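Visitor: This is the structure, below, for whatever I ask next.
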Amino acid sequence: MIFRQRHLLDIESLSVEELTAILDLADRFLEISERPIKKVPTLRGRTVVNVFLEPSTRTRVSFEIAEKRLSADAVNVSGAGSSTSKGETLLDTVRNLEAMSPQIVVIRHQEAGAAHFLAARIDAAVVNAGDGAHAHPTQALLDCATLRRAKGRLAGLRVAIVGDLAHSRVARSDIVALRRLGAEVRVTGPRTMLPPGLAELGAEVVPTLAAAVEGADAVIMLRIQAERAGGQCLFPSTREYARTFGLNAAALAGADPEAIVLHPGPINRGVELAPELADGPRSVILEQVTYGVAVRMAVLYLLAGSPPVE
Amino acid sequence: MGGSDEQRVVMDAAAMQRVLRRLAHEIVEREAGTAGLAIIGIHTGGAYVARRLVALIAECEGVTVPLGEIDITLYRDDALSGLPRPVIGATSLPFEVAERKLLLVDDVLYTGRTVRAALDALNDYGRPRRVRLAVLVDRGHRELPIQADHVGLRLETEPTQRVEVQLAEGGQEDAVVIEPAAAERPAARLVRGPA
């Protein structure tokens with residue numbers, strides 16, 4: 001197997017072979033979650049520290065379950081960012097972590113680059129569980145795994161990504177992963193939420209929801225992240241947002257008849273996604289959650305081995 | 001003994017067919033039929049052998065015994081040493097393991113560590129009534145107290161030799177071959193030191 005990474009910090013660092021290796025492994029790990037005893041002894045005696053310095057429930061729980069199903073000793077460090085300078089706080093965290101000599105550190109941080117910062121200063125393997133608006137590689141991997149399972153392939157798949165692209169690390173990682181694996185990606189959202197550089201990542205930027213969804217095999221809806229907007233008013237009202245960029249059955253009618261709907265959660269019901277779609281037969285949102293554990297098991301397994309000899 | 005420098009065929013296709021047929025008969029005799037029995041092959045070589053045993057038992061008994069396969073990578077005692085990381089194969093046990101009479105099948109029995117891992121893995125699927133072990137080749141040099149109930153061929157080997165079971169399913173002609181110590185792996189000899 002071709003996997004030579006020491007850390008998982010972003011999707012950009014991964015080759016097509018490495019991306020595919022993770023997805024293939026995730027398919028195997030999925031089976032463990034269906035057994036009577038959902039645990040394998042592979043990471044026995046290894047310590048994984050989950051450092052979540054930004055509120056997160058599902059990603060943290062998903063990592064924790066993945067760690068426990070691999071028999072790792074999982075420890076949680078939490079605490080929202082304090083008023084002290086972010087650099088100092090993180091450096092402090094690094095020193096505390098090193099004293100615990102873990103094999104793997106999973107980090108979620110509000111600042112972009114936090115995982116890279118940590119990786120450069122610690123012996124452990126670092127997994128980025130989301131850093132600011134930069135990257136969320138395991139989310140992109142689980143989206144790819146879910147899509148591949150539902151559609152049987154990724155190459156040539158037409159995927160629309162809709163919503164708050166400016167604050168979305170999920171979108172950035174999704175675009176890079178999907179493009180690298182051969183999918184076509186169309187993106188749209190309010191102009192205030194479309195950052196520059198999306199075309200350079202390989203996505204086609206279109207002005208309307210209808211244009212993005214037309215003929216799509218899958219639609220990934222992003223969460224409106226009011227907490228990241230920093231008090232700025234990026235759209236007039238949630239009602240208007242729902243009308244122009246919210247996905248409902250009528251809007252999805254323009255997509256491929258077999259199109260599926262993804263959402264990284266938590267959903268703002270009735271804003272970016274209509275409840276009847278979220279709970280409907282074309283939603284694979286719960287499959288995403290299931291794959292989340294499998295993908296994270298795959299990543300932990302790959303990073304837990306002895307470090308590559310340079 | 002077996003100190004030759006060349007590859008040596010110790011079982012050809014016709015011999016393998018006879019050995020497998022004998023094993024199939026032995027298994028049915030020992031189990032007094034096929035009731036409650038399931039056969040599980042260890043990925044990948046053992047899975048091929050298991051499939052053939054099921055077919056041969058169906059031929060002589062007219063019953064198709066449930067067939068499963070198990071991958072033991074995640075249960076290995078050396079799962080995390082070395083890179084690149086080992087690929088994980090499929091595990092599929094399409095029957096209830098609990099209270100069943102299981103026959104574990106592997107192609108080569110050597111240190112016993114693979115079988116140990118497979119027993120651990122099986123336990124996570126349920127508590128079988130009992131587990132027996134059938135292997136095509138037993139090459140000795142056990143490192144754990146594990147023995148097979150059904151053995152196709154017992155081979156005297158040296159630890160440095162490689163015993164390879166080649167099967168049609170793997171794209172080769174059926175054969176069991178002994179190969180001399182691989183040239184690229186002299187470390188094994190150094191670690192062991194003089195005998």
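Going by the structure tokens order, chains are called A, B, ..., each with residues numbered from 1, while ligands are numbered from 1 in the order shown.
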Could you tell me which residues of chain B sit within 9 Å of chain A when counting only C-alpha atoms, and give me the result as a VMD selection string?
Guide: chain B and resid 73 to 77 79 to 92 121 123 to 126
Visitor: For the selection you just gave me, I'd like the residues written to a file as a PDB file, in the first residue's frame, keeping N, CA and C atoms.
Guide:
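Listed below is the output, again-v9.pdb:
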```
ATOM      1  N   THR B  73      -5.447  -9.180   9.738  1.00  0.00           N
ATOM      2  CA  THR B  73      -4.450  -8.101   9.816  1.00  0.00           C
ATOM      3  C   THR B  73      -4.556  -7.288  11.102  1.00  0.00           C
ATOM      4  N   LEU B  74      -5.791  -6.931  11.472  1.00  0.00           N
ATOM      5  CA  LEU B  74      -5.975  -6.045  12.624  1.00  0.00           C
ATOM      6  C   LEU B  74      -5.738  -6.752  13.950  1.00  0.00           C
ATOM      7  N   TYR B  75      -5.596  -8.084  13.896  1.00  0.00           N
ATOM      8  CA  TYR B  75      -5.387  -8.861  15.117  1.00  0.00           C
ATOM      9  C   TYR B  75      -3.955  -9.364  15.237  1.00  0.00           C
ATOM     10  N   ARG B  76      -3.132  -9.025  14.258  1.00  0.00           N
ATOM     11  CA  ARG B  76      -1.755  -9.497  14.290  1.00  0.00           C
ATOM     12  C   ARG B  76      -0.988  -8.867  15.444  1.00  0.00           C
ATOM     13  N   ASP B  77      -0.042  -9.637  16.003  1.00  0.00           N
ATOM     14  CA  ASP B  77       0.739  -9.067  17.104  1.00  0.00           C
ATOM     15  C   ASP B  77       1.823  -8.131  16.589  1.00  0.00           C
ATOM     16  N   ALA B  79       0.931  -5.930  13.968  1.00  0.00           N
ATOM     17  CA  ALA B  79       0.121  -5.149  13.024  1.00  0.00           C
ATOM     18  C   ALA B  79       0.681  -3.748  12.805  1.00  0.00           C
ATOM     19  N   LEU B  80       1.342  -3.200  13.807  1.00  0.00           N
ATOM     20  CA  LEU B  80       1.758  -1.806  13.690  1.00  0.00           C
ATOM     21  C   LEU B  80       3.241  -1.625  13.412  1.00  0.00           C
ATOM     22  N   SER B  81       3.959  -2.726  13.217  1.00  0.00           N
ATOM     23  CA  SER B  81       5.379  -2.550  12.947  1.00  0.00           C
ATOM     24  C   SER B  81       5.613  -2.543  11.447  1.00  0.00           C
ATOM     25  N   GLY B  82       6.444  -1.634  11.028  1.00  0.00           N
ATOM     26  CA  GLY B  82       6.838  -1.591   9.632  1.00  0.00           C
ATOM     27  C   GLY B  82       5.899  -0.812   8.744  1.00  0.00           C
ATOM     28  N   LEU B  83       6.457  -0.276   7.711  1.00  0.00           N
ATOM     29  CA  LEU B  83       5.715   0.425   6.693  1.00  0.00           C
ATOM     30  C   LEU B  83       6.161  -0.146   5.355  1.00  0.00           C
ATOM     31  N   PRO B  84       5.357  -0.070   4.331  1.00  0.00           N
ATOM     32  CA  PRO B  84       3.996   0.435   4.333  1.00  0.00           C
ATOM     33  C   PRO B  84       3.039  -0.457   5.126  1.00  0.00           C
ATOM     34  N   ARG B  85       1.948   0.118   5.549  1.00  0.00           N
ATOM     35  CA  ARG B  85       0.971  -0.595   6.343  1.00  0.00           C
ATOM     36  C   ARG B  85       0.359  -1.729   5.526  1.00  0.00           C
ATOM     37  N   PRO B  86       0.133  -2.877   6.169  1.00  0.00           N
ATOM     38  CA  PRO B  86      -0.467  -3.982   5.422  1.00  0.00           C
ATOM     39  C   PRO B  86      -1.895  -3.653   4.960  1.00  0.00           C
ATOM     40  N   VAL B  87      -2.217  -4.143   3.789  1.00  0.00           N
ATOM     41  CA  VAL B  87      -3.566  -3.987   3.247  1.00  0.00           C
ATOM     42  C   VAL B  87      -4.507  -4.899   4.025  1.00  0.00           C
ATOM     43  N   ILE B  88      -5.717  -4.453   4.229  1.00  0.00           N
ATOM     44  CA  ILE B  88      -6.683  -5.260   4.958  1.00  0.00           C
ATOM     45  C   ILE B  88      -7.636  -5.922   3.975  1.00  0.00           C
ATOM     46  N   GLY B  89      -7.777  -7.229   4.109  1.00  0.00           N
ATOM     47  CA  GLY B  89      -8.669  -7.959   3.215  1.00  0.00           C
ATOM     48  C   GLY B  89     -10.076  -8.029   3.775  1.00  0.00           C
ATOM     49  N   ALA B  90     -10.934  -8.663   3.015  1.00  0.00           N
ATOM     50  CA  ALA B  90     -12.348  -8.719   3.403  1.00  0.00           C
ATOM     51  C   ALA B  90     -12.575  -9.763   4.495  1.00  0.00           C
ATOM     52  N   THR B  91     -13.458  -9.448   5.413  1.00  0.00           N
ATOM     53  CA  THR B  91     -13.958 -10.443   6.338  1.00  0.00           C
ATOM     54  C   THR B  91     -15.437 -10.587   6.061  1.00  0.00           C
ATOM     55  N   SER B  92     -15.875 -11.824   5.828  1.00  0.00           N
ATOM     56  CA  SER B  92     -17.297 -12.020   5.592  1.00  0.00           C
ATOM     57  C   SER B  92     -17.703 -13.343   6.218  1.00  0.00           C
ATOM     58  N   ALA B 121     -10.027 -13.060  16.455  1.00  0.00           N
ATOM     59  CA  ALA B 121     -10.989 -12.378  15.588  1.00  0.00           C
ATOM     60  C   ALA B 121     -12.345 -13.075  15.645  1.00  0.00           C
ATOM     61  N   ASN B 123     -13.674 -14.801  17.954  1.00  0.00           N
ATOM     62  CA  ASN B 123     -14.341 -14.571  19.232  1.00  0.00           C
ATOM     63  C   ASN B 123     -15.151 -13.284  19.240  1.00  0.00           C
ATOM     64  N   ASP B 124     -14.719 -12.295  18.427  1.00  0.00           N
ATOM     65  CA  ASP B 124     -15.441 -11.035  18.378  1.00  0.00           C
ATOM     66  C   ASP B 124     -16.751 -11.146  17.606  1.00  0.00           C
ATOM     67  N   TYR B 125     -16.942 -12.279  16.942  1.00  0.00           N
ATOM     68  CA  TYR B 125     -18.196 -12.479  16.208  1.00  0.00           C
ATOM     69  C   TYR B 125     -19.168 -13.350  16.993  1.00  0.00           C
ATOM     70  N   GLY B 126     -18.702 -13.919  18.089  1.00  0.00           N
ATOM     71  CA  GLY B 126     -19.577 -14.792  18.866  1.00  0.00           C
ATOM     72  C   GLY B 126     -18.753 -15.907  19.477  1.00  0.00           C
TER      73      GLY B 126
END
```
Visitor: Any idea what's packed within 10 Å of B:Ala15, counting only C-alpha atoms, ignoring anything in its chain fewer than 5 positions away? Could you give it as a ChimeraX atom specification?
Guide: /B:10,20-21,174-176
Visitor: Just asking: which residues within stretch 39-163 of chain A are alpha helix (DSSP H) according to DSSP, as a PyMOL selection string?
Guide: chain A and resi 58-69+86-99+114-119+137-151
Visitor: So how far away is atom CA of B:Cys60 from atom CA of B:Val97, in Å?
Guide: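 Rounded to one decimal, the two atoms are 24.7 Å apart.
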Visitor: Could you pull out all residues of stretch 33-162 of chain B with a DSSP call of strand (DSSP E or B) and give them as a PyMOL selection string?
Guide: chain B and resi 37-42+67-70+92+101-109+130-138+150-154+162
Visitor: Per residue of stretch 18-133 of chain B within 9 Å of stretch 158-167 of chain B, note the shortest atom pair and the distance in Å to one decimal, counting only C-alpha atoms, and order the rows by chain and increasing residue number, as a Markdown table.
Guide:
```
| residue | atom | partner | partner_atom | distance |
| --- | --- | --- | --- | --- |
| B:Gly45 | CA | B:Val165 | CA | 7.6 |
| B:Tyr48 | CA | B:Leu167 | CA | 7.8 |
| B:Val49 | CA | B:Leu167 | CA | 8.5 |
| B:Asp107 | CA | B:Val165 | CA | 6.6 |
| B:Val108 | CA | B:Val165 | CA | 7.4 |
```
